[in-house]
There are 2 protein chains.
Amino acid sequence: MAEDQGSYAYLTFVTSNPNKVTEVRQILRDFSIAFEHLNLKYPEIQSSSLRKIASVSVRYLHKKLKRPLFIEDSGLFIDALGGFPGPYSSYAQKTIGNSGILKLMSSIRHRTARFESVIAYIGTGCDVCLFSGIAEGSISLEARGVRWGFDPIFIPHGSRQTFSEMGPEGKRKVSHRRIAVEKFGIWARERTDRAVNSFR
Amino acid sequence: MAEDQGSYAYLTFVTSNPNKVTEVRQILRDFSIAFEHLNLKYPEIQSSSLRKIASVSVRYLHKKLKRPLFIEDSGLFIDALGGFPGPYSSYAQKTIGNSGILKLMSSIRHRTARFESVIAYIGTGCDVCLFSGIAEGSISLEARGVRWGFDPIFIPHGSRQTFSEMGPEGKRKVSHRRIAVEKFGIWARERTDRAVNSFR
């Protein structure tokens, strides 16, 4: 394998969601890690575990594309609904939407929820490495702020605003995705540094 | 492949749901088709199409088990909810349950829904054959009858009772699964007869 271990120039982020690309690129820039974006849909299995879903998908992609790559999957887990919508968040968003979630939560006082993000990386020396980030919080009583996914109905712990009301910058500071991507960035940076040092 | 085309003695039904085995065995008996039951969980992809999910799973199983086999997948599709819960019916059942569906449907007058069943078969001469059955109906205003899945909240077209209230026998006459299994039975019977005749 002629893979350059000292650089992530060949690193590929596979996603069909351009919003994710912008967010992840901004975070990884702090770690001097660049990647190529591949706009591709890929199969995901049904499971209540994001980690399992991401692991299977990233293996599938690596078999096809044969290069170091990573994907990101995330979901909203609401305690009073047994974790629903969880891994099926985008399907729930497309069908019942935020109004559906608020309807399900009507008259429920116990409103805790968490957003979870999982980065699955696969490449030389790493047969699926997982990095996860969690943002604890609660479901608001009504949707507030400009819509992106479940952001208008999720209030992160310690805030009075929903993710939407906080704006992209405010959200990015506390988001589940930021935590997962940062963990990945730290790990990848260390690996790169080690490879560069061993080359000197 | 030393596969006996004239008999379905080697036919395998893969499912981890014993209720399905009983129901399918009873229907296929009318077509003199026997099968072996293999209690096994298998991966299912995320998709809004039952046909696609079943096709991928049955291919996966055939690759592993290398024998003629079939699986069954079904879901409840509610029009006012954009098809939700659809292919994720069992996850929705486990998390928000019937009370969740009724809550989502509260104050919604347009209550039409359909149950869909898909049988996916794979074996010699058939690289995934699909047989589907649909039961049109509507979502009841409250759960009625003894519980199995969404049966207490689904009223088939032309009936005043929910699937649960109709009892197993009553339900079996009009169920989506019966239609799909019968289509499969007719097809398999014809194929067997043809093979037996060519042998004489």
# chains A, B, ... in the order shown; residues from 1 in each chain; ligands from 1
>>> interface_residues(of="chain B", to="chain A", cutoff="9 Å", atoms="only C-alpha atoms", output="PyMOL selection string")
chain B and resi 43-48+80-85+88+91-92+94-97+100-101+103-104+106
>>> select_by_dssp(residues="chain B", states="alpha helix (DSSP H)", output="PyMOL selection string")
chain B and resi 18-29+50-65+89-95+97-104+163-174+176-199
>>> closest_residue(among="B:Glu36, B:Gly123, B:Asn98, B:Phe131", to="B:Ala143", atoms="only C-alpha atoms")
B:Asn98
>>> closest_residue(among="B:Ser175, B:Ser89, B:Ser74, B:Ser140", to="B:Thr162", atoms="only C-alpha atoms")
B:Ser140
>>> closest_residue(among="A:Ile119, A:Ile108, A:Ala135, A:Ile186", to="A:Lys52", atoms="only C-alpha atoms")
A:Ile119
>>> atom_distance(atom1="atom CA of B:Glu72", atom2="atom CA of B:Ile179")
12.1 Å
>>> closest_residue(among="B:Thr112, B:Thr124, B:Val181, B:Ser164", to="B:Pro152", atoms="only C-alpha atoms")
B:Ser164
>>> residues_around(residues="B:Phe115", least_positions_apart="3", cutoff="7 Å", atoms="only C-alpha atoms", output="list in words")
Gly75, Leu76, Phe77, Ile134, Ala135, Glu136 and His176 of chain B
>>> closest_residue(among="A:Leu50, A:Tyr60, A:Ala113, A:Pro68", to="A:Phe35", atoms="only C-alpha atoms")
A:Pro68
>>> residues_around(residues="B:Val21", least_positions_apart="2", cutoff="10 Å", atoms="only C-alpha atoms", output="PDB file with C-alpha atoms, in the first residue's frame")
ATOM      1  CA  PHE B  13     -37.403 -19.472   6.258  1.00  0.00           C
ATOM      2  CA  VAL B  14     -35.031 -17.235   8.197  1.00  0.00           C
ATOM      3  CA  THR B  15     -36.659 -15.232  10.970  1.00  0.00           C
ATOM      4  CA  SER B  16     -36.235 -14.635  14.681  1.00  0.00           C
ATOM      5  CA  ASN B  17     -39.993 -14.134  15.087  1.00  0.00           C
ATOM      6  CA  PRO B  18     -41.824 -17.379  16.016  1.00  0.00           C
ATOM      7  CA  ASN B  19     -45.247 -15.798  15.341  1.00  0.00           C
ATOM      8  CA  GLU B  23     -48.574 -17.910  10.339  1.00  0.00           C
ATOM      9  CA  VAL B  24     -46.494 -18.621   7.243  1.00  0.00           C
ATOM     10  CA  ARG B  25     -46.413 -22.381   7.827  1.00  0.00           C
ATOM     11  CA  GLN B  26     -50.204 -22.497   8.003  1.00  0.00           C
ATOM     12  CA  PHE B  35     -39.851 -25.346   4.958  1.00  0.00           C
ATOM     13  CA  GLU B  36     -37.259 -25.483   7.639  1.00  0.00           C
ATOM     14  CA  HIS B  37     -37.162 -22.623  10.120  1.00  0.00           C
ATOM     15  CA  LEU B  38     -33.823 -21.010  10.916  1.00  0.00           C
ATOM     16  CA  ASN B  39     -33.945 -18.746  13.949  1.00  0.00           C
ATOM     17  CA  GLU B  72     -40.426 -11.677   5.331  1.00  0.00           C
TER      18      GLU B  72
END
>>> residues_around(residues="B:Lys183", least_positions_apart="3", cutoff="12 Å", atoms="only C-alpha atoms", output="PDB file with N, CA and C atoms, in the first residue's frame")
ATOM      1  N   VAL B  24     -46.928 -18.286   8.597  1.00  0.00           N
ATOM      2  CA  VAL B  24     -46.494 -18.621   7.243  1.00  0.00           C
ATOM      3  C   VAL B  24     -46.629 -20.118   6.985  1.00  0.00           C
ATOM      4  N   ILE B  27     -50.204 -21.028   6.081  1.00  0.00           N
ATOM      5  CA  ILE B  27     -50.611 -20.612   4.735  1.00  0.00           C
ATOM      6  C   ILE B  27     -49.957 -21.499   3.678  1.00  0.00           C
ATOM      7  N   LEU B  28     -48.674 -21.771   3.842  1.00  0.00           N
ATOM      8  CA  LEU B  28     -47.956 -22.538   2.815  1.00  0.00           C
ATOM      9  C   LEU B  28     -48.363 -24.012   2.793  1.00  0.00           C
ATOM     10  N   PHE B  31     -50.428 -25.072   0.005  1.00  0.00           N
ATOM     11  CA  PHE B  31     -49.739 -25.253  -1.279  1.00  0.00           C
ATOM     12  C   PHE B  31     -48.782 -26.438  -1.205  1.00  0.00           C
ATOM     13  N   SER B 117     -46.430  -6.235   3.416  1.00  0.00           N
ATOM     14  CA  SER B 117     -45.563  -7.378   3.693  1.00  0.00           C
ATOM     15  C   SER B 117     -44.793  -7.712   2.431  1.00  0.00           C
ATOM     16  N   VAL B 118     -43.535  -8.015   2.580  1.00  0.00           N
ATOM     17  CA  VAL B 118     -42.728  -8.426   1.431  1.00  0.00           C
ATOM     18  C   VAL B 118     -42.029  -9.737   1.764  1.00  0.00           C
ATOM     19  N   ILE B 119     -42.188 -10.705   0.860  1.00  0.00           N
ATOM     20  CA  ILE B 119     -41.426 -11.950   0.942  1.00  0.00           C
ATOM     21  C   ILE B 119     -40.307 -11.844  -0.077  1.00  0.00           C
ATOM     22  N   ALA B 120     -39.082 -12.087   0.344  1.00  0.00           N
ATOM     23  CA  ALA B 120     -37.959 -12.110  -0.593  1.00  0.00           C
ATOM     24  C   ALA B 120     -37.401 -13.522  -0.618  1.00  0.00           C
ATOM     25  N   TYR B 121     -37.396 -14.122  -1.814  1.00  0.00           N
ATOM     26  CA  TYR B 121     -36.899 -15.483  -1.982  1.00  0.00           C
ATOM     27  C   TYR B 121     -35.666 -15.468  -2.877  1.00  0.00           C
ATOM     28  N   CYS B 129     -36.558 -13.037  -5.826  1.00  0.00           N
ATOM     29  CA  CYS B 129     -37.928 -12.846  -6.290  1.00  0.00           C
ATOM     30  C   CYS B 129     -38.710 -12.234  -5.136  1.00  0.00           C
ATOM     31  N   LEU B 130     -39.478 -11.200  -5.440  1.00  0.00           N
ATOM     32  CA  LEU B 130     -40.220 -10.495  -4.390  1.00  0.00           C
ATOM     33  C   LEU B 130     -41.723 -10.708  -4.558  1.00  0.00           C
ATOM     34  N   PHE B 131     -42.395 -10.921  -3.441  1.00  0.00           N
ATOM     35  CA  PHE B 131     -43.844 -11.099  -3.436  1.00  0.00           C
ATOM     36  C   PHE B 131     -44.400 -10.183  -2.353  1.00  0.00           C
ATOM     37  N   SER B 132     -45.289  -9.268  -2.746  1.00  0.00           N
ATOM     38  CA  SER B 132     -45.748  -8.334  -1.725  1.00  0.00           C
ATOM     39  C   SER B 132     -47.260  -8.363  -1.549  1.00  0.00           C
ATOM     40  N   GLY B 133     -47.694  -8.018  -0.375  1.00  0.00           N
ATOM     41  CA  GLY B 133     -49.119  -7.974  -0.061  1.00  0.00           C
ATOM     42  C   GLY B 133     -49.417  -6.720   0.723  1.00  0.00           C
ATOM     43  N   ILE B 134     -50.548  -6.100   0.400  1.00  0.00           N
ATOM     44  CA  ILE B 134     -50.910  -4.862   1.089  1.00  0.00           C
ATOM     45  C   ILE B 134     -52.302  -4.991   1.693  1.00  0.00           C
ATOM     46  N   HIS B 176     -52.077  -8.577   5.075  1.00  0.00           N
ATOM     47  CA  HIS B 176     -51.035  -8.288   4.085  1.00  0.00           C
ATOM     48  C   HIS B 176     -50.073  -9.464   3.953  1.00  0.00           C
ATOM     49  N   ARG B 177     -49.755 -10.085   5.111  1.00  0.00           N
ATOM     50  CA  ARG B 177     -48.803 -11.190   5.085  1.00  0.00           C
ATOM     51  C   ARG B 177     -49.393 -12.377   4.329  1.00  0.00           C
ATOM     52  N   ARG B 178     -50.696 -12.634   4.555  1.00  0.00           N
ATOM     53  CA  ARG B 178     -51.341 -13.736   3.850  1.00  0.00           C
ATOM     54  C   ARG B 178     -51.224 -13.543   2.342  1.00  0.00           C
ATOM     55  N   ILE B 179     -51.505 -12.333   1.885  1.00  0.00           N
ATOM     56  CA  ILE B 179     -51.469 -12.056   0.446  1.00  0.00           C
ATOM     57  C   ILE B 179     -50.069 -12.314  -0.120  1.00  0.00           C
ATOM     58  N   ALA B 180     -49.072 -11.809   0.571  1.00  0.00           N
ATOM     59  CA  ALA B 180     -47.694 -11.986   0.090  1.00  0.00           C
ATOM     60  C   ALA B 180     -47.310 -13.459   0.085  1.00  0.00           C
ATOM     61  N   ILE B 186     -48.201 -19.776  -4.610  1.00  0.00           N
ATOM     62  CA  ILE B 186     -48.666 -20.088  -5.966  1.00  0.00           C
ATOM     63  C   ILE B 186     -47.474 -20.241  -6.906  1.00  0.00           C
ATOM     64  N   TRP B 187     -46.577 -19.306  -6.821  1.00  0.00           N
ATOM     65  CA  TRP B 187     -45.391 -19.319  -7.674  1.00  0.00           C
ATOM     66  C   TRP B 187     -44.536 -20.558  -7.411  1.00  0.00           C
ATOM     67  N   ALA B 188     -44.316 -20.855  -6.143  1.00  0.00           N
ATOM     68  CA  ALA B 188     -43.446 -21.987  -5.776  1.00  0.00           C
ATOM     69  C   ALA B 188     -44.095 -23.313  -6.178  1.00  0.00           C
ATOM     70  N   ARG B 189     -45.435 -23.387  -6.009  1.00  0.00           N
ATOM     71  CA  ARG B 189     -46.181 -24.600  -6.361  1.00  0.00           C
ATOM     72  C   ARG B 189     -46.063 -24.880  -7.853  1.00  0.00           C
ATOM     73  N   GLU B 190     -46.237 -23.851  -8.636  1.00  0.00           N
ATOM     74  CA  GLU B 190     -46.137 -23.982 -10.097  1.00  0.00           C
ATOM     75  C   GLU B 190     -44.762 -24.489 -10.507  1.00  0.00           C
TER      76      GLU B 190
END
>>> closest_residue(among="A:Leu69, A:Ile155, A:Leu61, A:Val128", to="A:Tyr10", atoms="only C-alpha atoms")
A:Leu69
>>> select_by_dssp(residues="chain A", states="strand (DSSP E or B)", output="PyMOL selection string")
chain A and resi 12-14+36-38+45+69-78+85-86+112-123+126-139+154-156
>>> decode(residues="stretch 150-184 of chain A", atoms="C-alpha atoms", output="mmCIF file, in the first residue's frame")
data_model
loop_
_atom_site.group_PDB
_atom_site.id
_atom_site.type_symbol
_atom_site.label_atom_id
_atom_site.label_comp_id
_atom_site.auth_asym_id
_atom_site.auth_seq_id
_atom_site.Cartn_x
_atom_site.Cartn_y
_atom_site.Cartn_z
ATOM 1 C CA PHE A 150 -33.857 18.881 15.296
ATOM 2 C CA ASP A 151 -31.813 21.972 16.248
ATOM 3 C CA PRO A 152 -34.911 24.159 16.932
ATOM 4 C CA ILE A 153 -36.188 21.770 19.621
ATOM 5 C CA PHE A 154 -32.927 20.852 21.408
ATOM 6 C CA ILE A 155 -31.649 22.948 24.335
ATOM 7 C CA PRO A 156 -28.116 21.915 25.337
ATOM 8 C CA HIS A 157 -27.399 21.566 29.037
ATOM 9 C CA GLY A 158 -26.453 24.912 30.618
ATOM 10 C CA SER A 159 -28.123 26.983 27.914
ATOM 11 C CA ARG A 160 -31.542 28.611 27.643
ATOM 12 C CA GLN A 161 -31.392 28.722 23.865
ATOM 13 C CA THR A 162 -31.997 25.939 21.401
ATOM 14 C CA PHE A 163 -29.169 24.882 19.074
ATOM 15 C CA SER A 164 -30.884 26.920 16.347
ATOM 16 C CA GLU A 165 -31.110 30.072 18.438
ATOM 17 C CA MET A 166 -27.405 29.828 19.311
ATOM 18 C CA GLY A 167 -26.474 30.173 15.646
ATOM 19 C CA PRO A 168 -23.830 28.068 13.858
ATOM 20 C CA GLU A 169 -20.938 29.596 15.830
ATOM 21 C CA GLY A 170 -22.586 29.232 19.222
ATOM 22 C CA LYS A 171 -23.696 25.707 18.496
ATOM 23 C CA ARG A 172 -20.315 24.649 17.212
ATOM 24 C CA LYS A 173 -18.728 25.401 20.590
ATOM 25 C CA VAL A 174 -20.837 22.861 22.458
ATOM 26 C CA SER A 175 -21.984 20.477 19.765
ATOM 27 C CA HIS A 176 -21.733 16.707 19.898
ATOM 28 C CA ARG A 177 -20.203 16.760 16.435
ATOM 29 C CA ARG A 178 -17.461 19.163 17.540
ATOM 30 C CA ILE A 179 -16.499 16.846 20.395
ATOM 31 C CA ALA A 180 -16.324 13.785 18.157
ATOM 32 C CA VAL A 181 -14.396 15.587 15.413
ATOM 33 C CA GLU A 182 -11.954 17.070 17.938
ATOM 34 C CA LYS A 183 -11.216 13.638 19.375
ATOM 35 C CA PHE A 184 -10.567 12.418 15.869
#
